[in-house]
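Participant: Below is a structure I'd like to ask you about.
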Amino acid sequence: WNYHLHLFLKNYIFLRIVKKGDKATFKANLITMMVSALWHGFSPAFYTTFIALTLFIEIERDMMKFEPLWS
């Protein structure tokens, strides 16, 4: 069921926020993660975790823009 939930979140939430040809934005990731947190339940831990995941995605995206120090 996780695969089908992933497809639902991707097709009906994420891709409707991100316009065709555009890159993913913080807003699109955050909204998708909040819908996923709502799907999992009403515990504050879910919302904290999914907000942290959104921040980690943004940090990773920023880090990938730079050349590694060892090359």
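In the structure tokens, chains take letters A, B, ... by order of appearance, with residues numbered from 1 within each chain and ligands from 1 in the order shown.
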List the neighbours of range 58-61 of chain A out to 9 Å using only C-alpha atoms; skip same-chain residues closer than 5 positions along the sequence, and give me the result as a PyMOL selection string.
Facilitator: chain A and resi 25-26+29+53
Participant: Mind checking which residues fall within 8 Å of range 34-36 of chain A, counting only C-alpha atoms, ignoring those fewer than 5 positions away in the same chain, and posting them as a list in words?
Facilitator: Leu9, Tyr47, Phe50 and Ile51 of chain A
Participant: With all heavy atoms retained, could you export that selection as a compact mmCIF listing (two decimals), in the first residue's frame?
Facilitator:
```txt
# COMPACT_ATOMS: atom_id res chain seq x y z
N LEU A 9 0.18 10.52 -3.73
CA LEU A 9 0.80 11.78 -3.32
C LEU A 9 1.52 12.45 -4.48
O LEU A 9 1.45 13.67 -4.64
CB LEU A 9 1.77 11.54 -2.16
CG LEU A 9 1.13 11.16 -0.83
CD1 LEU A 9 2.20 10.73 0.16
CD2 LEU A 9 0.30 12.29 -0.29
N TYR A 47 3.89 15.25 12.19
CA TYR A 47 4.08 16.56 11.57
C TYR A 47 5.51 17.05 11.76
O TYR A 47 6.11 17.59 10.84
CB TYR A 47 3.05 17.56 12.11
CG TYR A 47 1.66 17.16 11.71
CD1 TYR A 47 0.86 16.37 12.52
CD2 TYR A 47 1.16 17.54 10.46
CE1 TYR A 47 -0.40 15.98 12.13
CE2 TYR A 47 -0.11 17.15 10.06
CZ TYR A 47 -0.88 16.38 10.89
OH TYR A 47 -2.12 15.98 10.48
N PHE A 50 7.76 14.96 9.33
CA PHE A 50 7.62 15.30 7.92
C PHE A 50 8.09 16.72 7.61
O PHE A 50 8.59 16.97 6.51
CB PHE A 50 6.18 15.06 7.46
CG PHE A 50 5.86 13.59 7.29
CD1 PHE A 50 5.12 12.91 8.24
CD2 PHE A 50 6.33 12.90 6.20
CE1 PHE A 50 4.85 11.57 8.10
CE2 PHE A 50 6.06 11.54 6.04
CZ PHE A 50 5.31 10.88 7.00
N ILE A 51 7.97 17.63 8.55
CA ILE A 51 8.54 18.97 8.35
C ILE A 51 10.06 18.87 8.33
O ILE A 51 10.72 19.48 7.49
CB ILE A 51 8.06 19.94 9.45
CG1 ILE A 51 6.59 20.28 9.23
CG2 ILE A 51 8.90 21.22 9.45
CD1 ILE A 51 5.96 21.07 10.36
```
Participant: So that I can see what lies close to Ala24 in chain A, please list as a ChimeraX atom specification the residues with an atom at most 12 Å from it, counting only C-alpha atoms and leaving out residues fewer than 4 positions away in the same chain.
Facilitator: /A:10,14-20,28-32,54,57-58,61
Participant: Store the residues of this selection in a file with N, CA, C and O atoms, as a short mmCIF file (atom, residue, chain, number, x, y, z; two decimals), in the first residue's frame.
Facilitator:
```cif
data_model
loop_
_atom_site.label_atom_id
_atom_site.label_comp_id
_atom_site.auth_asym_id
_atom_site.auth_seq_id
_atom_site.Cartn_x
_atom_site.Cartn_y
_atom_site.Cartn_z
N LYS A 10 2.20 11.66 -5.28
CA LYS A 10 2.94 12.21 -6.42
C LYS A 10 1.99 12.79 -7.46
O LYS A 10 2.15 13.94 -7.88
N PHE A 14 1.57 16.46 -5.39
CA PHE A 14 2.84 17.08 -5.78
C PHE A 14 2.80 17.64 -7.20
O PHE A 14 3.13 18.80 -7.43
N LEU A 15 2.40 16.83 -8.17
CA LEU A 15 2.44 17.27 -9.57
C LEU A 15 1.38 18.32 -9.89
O LEU A 15 1.51 19.04 -10.87
N ARG A 16 0.36 18.45 -9.08
CA ARG A 16 -0.62 19.51 -9.29
C ARG A 16 -0.11 20.85 -8.77
O ARG A 16 -0.57 21.90 -9.20
N ILE A 17 0.84 20.81 -7.85
CA ILE A 17 1.43 22.05 -7.33
C ILE A 17 2.57 22.49 -8.24
O ILE A 17 2.70 23.67 -8.56
N VAL A 18 3.41 21.53 -8.65
CA VAL A 18 4.55 21.83 -9.52
C VAL A 18 4.05 21.84 -10.96
O VAL A 18 3.51 20.84 -11.44
N LYS A 19 4.21 22.95 -11.62
CA LYS A 19 3.77 23.05 -13.01
C LYS A 19 4.70 22.26 -13.92
O LYS A 19 5.87 22.05 -13.61
N LYS A 20 4.20 21.83 -15.05
CA LYS A 20 4.98 21.01 -15.98
C LYS A 20 6.24 21.75 -16.42
O LYS A 20 6.18 22.89 -16.85
N ALA A 28 5.89 22.91 -2.58
CA ALA A 28 5.33 21.66 -3.09
C ALA A 28 5.72 20.49 -2.19
O ALA A 28 4.89 19.63 -1.88
N ASN A 29 6.97 20.45 -1.77
CA ASN A 29 7.42 19.38 -0.89
C ASN A 29 6.72 19.45 0.46
O ASN A 29 6.30 18.43 1.01
N LEU A 30 6.60 20.65 1.01
CA LEU A 30 5.98 20.81 2.32
C LEU A 30 4.51 20.40 2.29
O LEU A 30 4.04 19.67 3.18
N ILE A 31 3.77 20.84 1.30
CA ILE A 31 2.35 20.48 1.21
C ILE A 31 2.19 18.97 1.05
O ILE A 31 1.34 18.36 1.70
N THR A 32 3.01 18.38 0.21
CA THR A 32 2.94 16.92 0.02
C THR A 32 3.25 16.19 1.31
O THR A 32 2.56 15.22 1.67
N THR A 54 11.19 17.56 5.02
CA THR A 54 11.15 18.61 4.01
C THR A 54 12.39 19.49 4.10
O THR A 54 12.99 19.84 3.07
N ILE A 57 15.39 17.62 2.74
CA ILE A 57 15.37 17.59 1.27
C ILE A 57 15.92 18.89 0.71
O ILE A 57 16.71 18.90 -0.24
N GLU A 58 15.52 20.01 1.30
CA GLU A 58 16.01 21.31 0.83
C GLU A 58 17.51 21.47 1.08
O GLU A 58 18.23 21.99 0.23
N ARG A 61 19.32 19.38 -1.46
CA ARG A 61 19.26 20.02 -2.77
C ARG A 61 20.29 21.17 -2.86
O ARG A 61 20.97 21.32 -3.87
#
```
Participant: What is the CA of Lys65 in chain A to CA of Lys23 in chain A distance in Å?
Facilitator: 14.0 Å
